[in-house]
Amino acid sequence: MAIKLMAASRRRPGLTRAEYQRYIEFYHGTIARQERFKINTYVQNHVIDGAFGVLADANHQQVANRDAVVELGFDNFRDMMETLEPAVPSAASQDGKFFADECTNIIVMAEEEEVAVPNPVPSFNPGLGIVKGVGGMKVLQYIMRDDSMFLEDYLMHWRKAHAFAMENAPYAKEQLRRCVMNKRCRINDNDGAARAHFKMVDPPVYDLVVSHWFDTIEQVGAFRQYFEAMQAYPTTFANWSKSFYLYTRQVVIIRDTPQDA
Amino acid sequence: MPTATAEIRAQKNFADWYASTKAKSLRPPLTPEEEARPFSKYYYEEIPEPDPVHLGKMDKPCDPALAIEPHQMNDLLNPGDLDVEIGWCNLENGAGFIANRIIYPEITADMIDWWFAWHALEDLRYRIWYPPQHGGIMVSPEARKRLLDPAVPFAEKNWGQIHHVTEDCNCGMENIDINFLSPTSFGFDTSRFKEPFVSAFAGGQGWAVTVDKTDMSITAPAMMCHIFRQHPDGLEHRTRFWMGYRLSNGTPELSLPPGISVPVEAIQGLARHNVKEFTRFKYFLPRIYAEFGGRMEA
């Protein structure tokens, strides 16, 4: 996958989380299947739980609620633009207002980088997973870059901090099945029209969203251990008060069976 | 405790550097500390005008059918000339293409490798290159460590590092992040990197946006290639820009929205800027290399 769009949203006023998640899976997801355009893959990550900021914060410093993160994958940037901005507005683009509080959306256009993990499990996926080596519990970690840090150094420090955390969090090292860096692409800077359309005022910019997979929700304590260890990394590269992570259940809306399977 | 050198004192953190770029874009007079630098005299030199015939070749677009696209970059390794060595145009897909060539009788590949690393350490080093349009430069603390590491050869110091420059390419002052890459990462077949066909390379992926950035400003990608080879009259410098392309996991990808072309003014502006800054380079590099070459500190 060359590029993907990740949209983190929260439910609109008046909806319960269950109503919101039911709507996006069975109605919004169906619209996307019917009007696929050039979507390569479409995955919804339904939020089960999560945390915003860190225990040292007296108050939240961000919108402290997310109900889903959707990931739309495309073969290239041109396909993404033709899908997001078709000549005639798509039904999916008109549907968002019925379930999401659109002005608080967080949009990240990202390129993936796989990070090797010590203990991927090649075929054991109890319960939820059907893809080898993935696991059923997905944690999405949005990491805000510290204002003082150049992007290139931030990414380098994340790699070091990840290695540091893995060494200092043995349960996480044992349980983490897959890890993917979703690195914000600079082309994302040109989403002014989308921000205006959704009336998004100064939305936060996340240069990195990391996806972590564990076997089941029983193992998310491993992520907690990892996160505590990462915060102990000696160089300040992230603003943890403006960062957050979400425990999610992955719902595949579109993913074709590989032709060579 | 030893005093930090000028090369170290130049380091700013990201927030402070970014906040300073508007002021840099106004090309203020040199500070007393800059005046005291041993290379400040170059800032006040008269800038040579380019050969009018050469610059005139940038007056009108060339035939896009004769241009090469990024995936054809290895054609630059073939002996002889390509159809367009000096010119610019919009490609059929909307991208911007620029080619430029200058012969340097008194410049060597070692000078090229040294300059592209040396100039990144201080604003003034970048400003003296082309004072009319160069505002300043910054690298990250980690990049600075690499640039100052004597164990890293000059030719490789920039690989994977980003130069954050403030520069006017004839469309107003912009902040341009240039991610320099090894020739392999850029996409060249380096098994063909042999003298006399390749003597030096400097290139990478850039992103440019006005210093007066607003929510609606466009941040524009481009691929930049400076490749050098031996020529009977000296070192031949061949430049190519592909505006509107970005490298996606090592592969050039057109990154323009459907129906959008790179504006002609931006292509021609960069083409003309390129001729001018490298005309200055031709006369200036041998002299500054004689004074400071072979080391990063000054």
# chains A, B, ... in the order shown; residues from 1 in each chain; ligands from 1
$ residues_around --residues "stretch 61-71 of chain A" --least-positions-apart "3" --cutoff "7 Å" --atoms "only C-alpha atoms" --output "ChimeraX atom specification"
/A:4-11,17,42-47,52,241-242
$ write_last_selection --atoms "C-alpha atoms" --output "CSV table (one decimal), in the first residue's frame"
chain,number,residue,atom,x,y,z
A,4,LYS,CA,-3.4,5.6,3.3
A,5,LEU,CA,-5.8,8.0,4.9
A,6,MET,CA,-6.4,7.6,8.6
A,7,ALA,CA,-9.4,9.4,10.1
A,8,ALA,CA,-10.0,9.4,13.8
A,9,SER,CA,-13.4,10.6,14.7
A,10,ARG,CA,-15.8,10.8,17.6
A,11,ARG,CA,-19.5,10.3,17.6
A,17,ARG,CA,-20.8,4.5,21.1
A,42,TYR,CA,-10.7,-0.1,4.1
A,43,VAL,CA,-10.4,-1.0,7.7
A,44,GLN,CA,-12.4,0.4,10.6
A,45,ASN,CA,-10.9,0.3,14.0
A,46,HIS,CA,-13.7,0.4,16.6
A,47,VAL,CA,-12.5,1.9,19.9
A,52,PHE,CA,-5.5,10.6,26.4
A,241,SER,CA,0.1,15.3,27.2
A,242,LYS,CA,-1.2,15.7,23.6
$ residues_around --residues "B:Ala65" --least-positions-apart "4" --cutoff "10 Å" --atoms "only C-alpha atoms" --output "PDB file with C-alpha atoms, in the first residue's frame"
ATOM      1  CA  ASP B  83      17.739  15.496 -26.019  1.00  0.00           C
ATOM      2  CA  VAL B  84      17.262  18.291 -23.493  1.00  0.00           C
ATOM      3  CA  CYS B  89       8.521  22.390 -19.547  1.00  0.00           C
ATOM      4  CA  LEU B  91       5.250  17.193 -18.815  1.00  0.00           C
ATOM      5  CA  GLU B  92       2.072  15.705 -20.245  1.00  0.00           C
TER       6      GLU B  92
END
$ interface_residues --of "chain B" --to "chain A" --cutoff "8 Å" --atoms "only C-alpha atoms" --output "list in words"
Asn13, Phe14, Ala15, Asp16, Ser140, Pro141, Glu142, Gln161, Ile162, Trp207, Asp215, Met216, Ser217, Ile218, Thr219, Ala220, Pro221, Ser248, Asn249, Glu253, Leu254, Ser255, Leu256, Pro257 and Pro258 of chain B
$ residues_around --residues "B:Ala222" --least-positions-apart "2" --cutoff "9 Å" --atoms "only C-alpha atoms" --output "list in words"
Gly96, Gly204, Gln205, Gly206, Trp207, Ala208, Ala220, Met224, Phe241, Trp242, Met243, Gly244, Tyr245, Arg246 and Leu247 of chain B
$ atom_distance --atom1 "atom CA of A:Met230" --atom2 "atom CA of A:Asn119"
18.9 Å
$ select_by_dssp --residues "stretch 21-118 of chain A" --states "strand (DSSP E or B)" --output "VMD selection string"
chain A and resid 41 to 52 68 to 74 100 106 to 115
$ residues_around --residues "stretch 203-213 of chain A" --least-positions-apart "4" --cutoff "9 Å" --atoms "only C-alpha atoms" --output "PDB file with N, CA and C atoms, in the first residue's frame"
ATOM      1  N   GLN A  62      -6.494  17.994  25.141  1.00  0.00           N
ATOM      2  CA  GLN A  62      -6.942  17.641  23.798  1.00  0.00           C
ATOM      3  C   GLN A  62      -8.381  17.142  23.893  1.00  0.00           C
ATOM      4  N   CYS A 103     -16.020  18.326  12.897  1.00  0.00           N
ATOM      5  CA  CYS A 103     -15.049  19.408  13.104  1.00  0.00           C
ATOM      6  C   CYS A 103     -13.907  18.989  14.020  1.00  0.00           C
ATOM      7  N   THR A 104     -14.053  17.848  14.707  1.00  0.00           N
ATOM      8  CA  THR A 104     -12.950  17.384  15.571  1.00  0.00           C
ATOM      9  C   THR A 104     -12.213  16.192  14.970  1.00  0.00           C
ATOM     10  N   ASN A 105     -12.475  15.873  13.710  1.00  0.00           N
ATOM     11  CA  ASN A 105     -11.754  14.782  13.055  1.00  0.00           C
ATOM     12  C   ASN A 105     -10.248  15.043  13.064  1.00  0.00           C
ATOM     13  N   ILE A 106      -9.498  13.978  13.137  1.00  0.00           N
ATOM     14  CA  ILE A 106      -8.045  14.066  12.934  1.00  0.00           C
ATOM     15  C   ILE A 106      -7.721  13.247  11.695  1.00  0.00           C
ATOM     16  N   ILE A 107      -7.146  13.918  10.696  1.00  0.00           N
ATOM     17  CA  ILE A 107      -6.828  13.259   9.431  1.00  0.00           C
ATOM     18  C   ILE A 107      -5.308  13.098   9.326  1.00  0.00           C
ATOM     19  N   VAL A 108      -4.873  11.902   9.044  1.00  0.00           N
ATOM     20  CA  VAL A 108      -3.448  11.663   8.804  1.00  0.00           C
ATOM     21  C   VAL A 108      -3.313  10.892   7.488  1.00  0.00           C
ATOM     22  N   ALA A 110      -0.781   8.861   5.496  1.00  0.00           N
ATOM     23  CA  ALA A 110       0.433   8.228   6.014  1.00  0.00           C
ATOM     24  C   ALA A 110       1.008   7.195   5.050  1.00  0.00           C
ATOM     25  N   GLY A 133      -0.071 -13.653  11.738  1.00  0.00           N
ATOM     26  CA  GLY A 133       0.876 -12.792  12.430  1.00  0.00           C
ATOM     27  C   GLY A 133       0.340 -11.441  12.811  1.00  0.00           C
ATOM     28  N   VAL A 134      -0.932 -11.287  12.947  1.00  0.00           N
ATOM     29  CA  VAL A 134      -1.496  -9.973  13.236  1.00  0.00           C
ATOM     30  C   VAL A 134      -2.062  -9.907  14.647  1.00  0.00           C
ATOM     31  N   GLY A 135      -2.888 -10.834  15.046  1.00  0.00           N
ATOM     32  CA  GLY A 135      -3.517 -10.769  16.356  1.00  0.00           C
ATOM     33  C   GLY A 135      -4.852 -10.074  16.298  1.00  0.00           C
ATOM     34  N   GLY A 136      -5.598 -10.205  17.349  1.00  0.00           N
ATOM     35  CA  GLY A 136      -6.969  -9.700  17.360  1.00  0.00           C
ATOM     36  C   GLY A 136      -7.155  -8.359  18.023  1.00  0.00           C
ATOM     37  N   MET A 137      -6.157  -7.899  18.742  1.00  0.00           N
ATOM     38  CA  MET A 137      -6.269  -6.619  19.448  1.00  0.00           C
ATOM     39  C   MET A 137      -5.290  -5.637  18.842  1.00  0.00           C
ATOM     40  N   LYS A 138      -5.807  -4.517  18.390  1.00  0.00           N
ATOM     41  CA  LYS A 138      -4.962  -3.522  17.731  1.00  0.00           C
ATOM     42  C   LYS A 138      -4.955  -2.255  18.576  1.00  0.00           C
ATOM     43  N   VAL A 139      -3.765  -1.774  18.873  1.00  0.00           N
ATOM     44  CA  VAL A 139      -3.625  -0.523  19.614  1.00  0.00           C
ATOM     45  C   VAL A 139      -3.101   0.533  18.645  1.00  0.00           C
ATOM     46  N   LEU A 140      -3.803   1.640  18.578  1.00  0.00           N
ATOM     47  CA  LEU A 140      -3.366   2.755  17.732  1.00  0.00           C
ATOM     48  C   LEU A 140      -2.845   3.852  18.647  1.00  0.00           C
ATOM     49  N   GLN A 141      -1.581   4.188  18.437  1.00  0.00           N
ATOM     50  CA  GLN A 141      -0.932   5.164  19.304  1.00  0.00           C
ATOM     51  C   GLN A 141      -0.603   6.420  18.498  1.00  0.00           C
ATOM     52  N   TYR A 142      -1.283   7.509  18.816  1.00  0.00           N
ATOM     53  CA  TYR A 142      -1.037   8.805  18.172  1.00  0.00           C
ATOM     54  C   TYR A 142      -0.015   9.556  19.018  1.00  0.00           C
ATOM     55  N   ILE A 143       1.146   9.830  18.423  1.00  0.00           N
ATOM     56  CA  ILE A 143       2.236  10.431  19.194  1.00  0.00           C
ATOM     57  C   ILE A 143       2.521  11.835  18.663  1.00  0.00           C
ATOM     58  N   MET A 144       2.250  12.823  19.493  1.00  0.00           N
ATOM     59  CA  MET A 144       2.483  14.217  19.102  1.00  0.00           C
ATOM     60  C   MET A 144       3.966  14.548  19.231  1.00  0.00           C
ATOM     61  N   ARG A 145       4.521  15.104  18.154  1.00  0.00           N
ATOM     62  CA  ARG A 145       5.938  15.512  18.189  1.00  0.00           C
ATOM     63  C   ARG A 145       6.118  16.699  19.136  1.00  0.00           C
ATOM     64  N   LEU A 151      11.373  16.987  12.609  1.00  0.00           N
ATOM     65  CA  LEU A 151      10.666  15.752  12.270  1.00  0.00           C
ATOM     66  C   LEU A 151      11.635  14.579  12.080  1.00  0.00           C
ATOM     67  N   TYR A 154      12.814  13.414  15.360  1.00  0.00           N
ATOM     68  CA  TYR A 154      11.681  12.796  16.079  1.00  0.00           C
ATOM     69  C   TYR A 154      11.512  11.336  15.665  1.00  0.00           C
ATOM     70  N   LEU A 155      11.548  11.082  14.365  1.00  0.00           N
ATOM     71  CA  LEU A 155      11.388   9.699  13.901  1.00  0.00           C
ATOM     72  C   LEU A 155      12.557   8.822  14.340  1.00  0.00           C
ATOM     73  N   GLN A 175       4.787 -10.221  23.909  1.00  0.00           N
ATOM     74  CA  GLN A 175       3.420 -10.296  23.396  1.00  0.00           C
ATOM     75  C   GLN A 175       3.146  -9.510  22.114  1.00  0.00           C
ATOM     76  N   LEU A 176       4.000  -8.557  21.790  1.00  0.00           N
ATOM     77  CA  LEU A 176       3.734  -7.732  20.608  1.00  0.00           C
ATOM     78  C   LEU A 176       3.892  -8.582  19.352  1.00  0.00           C
ATOM     79  N   ARG A 177       2.818  -8.660  18.571  1.00  0.00           N
ATOM     80  CA  ARG A 177       2.824  -9.547  17.401  1.00  0.00           C
ATOM     81  C   ARG A 177       3.192  -8.818  16.114  1.00  0.00           C
ATOM     82  N   ARG A 178       2.859  -7.555  16.043  1.00  0.00           N
ATOM     83  CA  ARG A 178       3.174  -6.805  14.829  1.00  0.00           C
ATOM     84  C   ARG A 178       3.207  -5.326  15.197  1.00  0.00           C
ATOM     85  N   CYS A 179       4.065  -4.570  14.502  1.00  0.00           N
ATOM     86  CA  CYS A 179       4.170  -3.130  14.766  1.00  0.00           C
ATOM     87  C   CYS A 179       4.398  -2.418  13.427  1.00  0.00           C
ATOM     88  N   VAL A 180       3.604  -1.390  13.182  1.00  0.00           N
ATOM     89  CA  VAL A 180       3.713  -0.626  11.934  1.00  0.00           C
ATOM     90  C   VAL A 180       3.742   0.864  12.254  1.00  0.00           C
ATOM     91  N   MET A 181       4.774   1.536  11.730  1.00  0.00           N
ATOM     92  CA  MET A 181       4.797   2.996  11.814  1.00  0.00           C
ATOM     93  C   MET A 181       3.950   3.547  10.664  1.00  0.00           C
ATOM     94  N   ASN A 182       3.035   4.441  10.990  1.00  0.00           N
ATOM     95  CA  ASN A 182       2.289   5.171   9.963  1.00  0.00           C
ATOM     96  C   ASN A 182       2.814   6.598   9.990  1.00  0.00           C
ATOM     97  N   LYS A 183       3.693   6.894   9.048  1.00  0.00           N
ATOM     98  CA  LYS A 183       4.387   8.182   9.058  1.00  0.00           C
ATOM     99  C   LYS A 183       3.627   9.195   8.205  1.00  0.00           C
ATOM    100  N   ARG A 184       3.292  10.305   8.842  1.00  0.00           N
ATOM    101  CA  ARG A 184       2.539  11.343   8.129  1.00  0.00           C
ATOM    102  C   ARG A 184       3.340  11.817   6.917  1.00  0.00           C
ATOM    103  N   CYS A 185       2.646  11.893   5.783  1.00  0.00           N
ATOM    104  CA  CYS A 185       3.264  12.344   4.538  1.00  0.00           C
ATOM    105  C   CYS A 185       3.078  13.852   4.404  1.00  0.00           C
ATOM    106  N   ARG A 195     -10.139  20.589   5.497  1.00  0.00           N
ATOM    107  CA  ARG A 195     -10.307  21.181   6.832  1.00  0.00           C
ATOM    108  C   ARG A 195     -11.389  22.246   6.808  1.00  0.00           C
ATOM    109  N   PHE A 223       0.851  -3.551  26.420  1.00  0.00           N
ATOM    110  CA  PHE A 223       1.031  -2.224  25.825  1.00  0.00           C
ATOM    111  C   PHE A 223       1.240  -1.182  26.914  1.00  0.00           C
ATOM    112  N   LYS A 242      -0.337  15.561  24.786  1.00  0.00           N
ATOM    113  CA  LYS A 242      -1.188  15.723  23.603  1.00  0.00           C
ATOM    114  C   LYS A 242      -1.210  14.456  22.748  1.00  0.00           C
ATOM    115  N   SER A 243      -0.713  13.387  23.307  1.00  0.00           N
ATOM    116  CA  SER A 243      -0.729  12.102  22.610  1.00  0.00           C
ATOM    117  C   SER A 243      -1.836  11.234  23.199  1.00  0.00           C
TER     118      SER A 243
END
$ select_by_dssp --residues "stretch 14-252 of chain A" --states "alpha helix (DSSP H)" --output "JSON, numbers by chain"
{"A": [17, 18, 19, 20, 21, 22, 23, 29, 30, 31, 32, 33, 34, 77, 78, 79, 80, 81, 82, 83, 84, 91, 92, 93, 94, 95, 151, 152, 153, 154, 155, 156, 157, 158, 159, 160, 161, 162, 163, 164, 165, 166, 167, 168, 170, 171, 172, 173, 174, 175, 192, 193, 194, 195, 196, 197, 220, 221, 222, 223, 224, 225, 226, 227, 228, 229, 230, 231]}
$ residues_around --residues "stretch 122-138 of chain B" --least-positions-apart "6" --cutoff "7 Å" --atoms "only C-alpha atoms" --output "short mmCIF file (atom, residue, chain, number, x, y, z; two decimals) with C-alpha atoms, in the first residue's frame"
data_model
loop_
_atom_site.label_atom_id
_atom_site.label_comp_id
_atom_site.auth_asym_id
_atom_site.auth_seq_id
_atom_site.Cartn_x
_atom_site.Cartn_y
_atom_site.Cartn_z
CA GLU B 7 29.25 25.52 13.80
CA ALA B 10 24.34 27.90 14.93
CA LYS B 24 15.61 35.34 7.36
CA SER B 25 13.53 35.67 4.24
CA ARG B 27 17.75 38.91 4.04
CA GLU B 34 28.56 36.81 10.97
CA TYR B 42 32.13 36.55 -0.06
CA TYR B 43 28.76 37.96 0.91
CA HIS B 163 18.61 20.78 4.70
CA HIS B 164 15.95 23.29 5.74
CA VAL B 165 16.62 26.23 3.44
CA THR B 166 14.94 29.58 3.05
CA GLU B 167 15.22 30.55 -0.59
CA ASP B 168 13.54 32.53 -3.35
CA GLU B 277 23.03 30.32 -8.53
CA ARG B 280 27.88 32.15 -9.16
CA PHE B 281 29.00 28.69 -7.99
#
$ atom_distance --atom1 "atom CA of B:Leu76" --atom2 "atom CA of B:His237"
11.2 Å
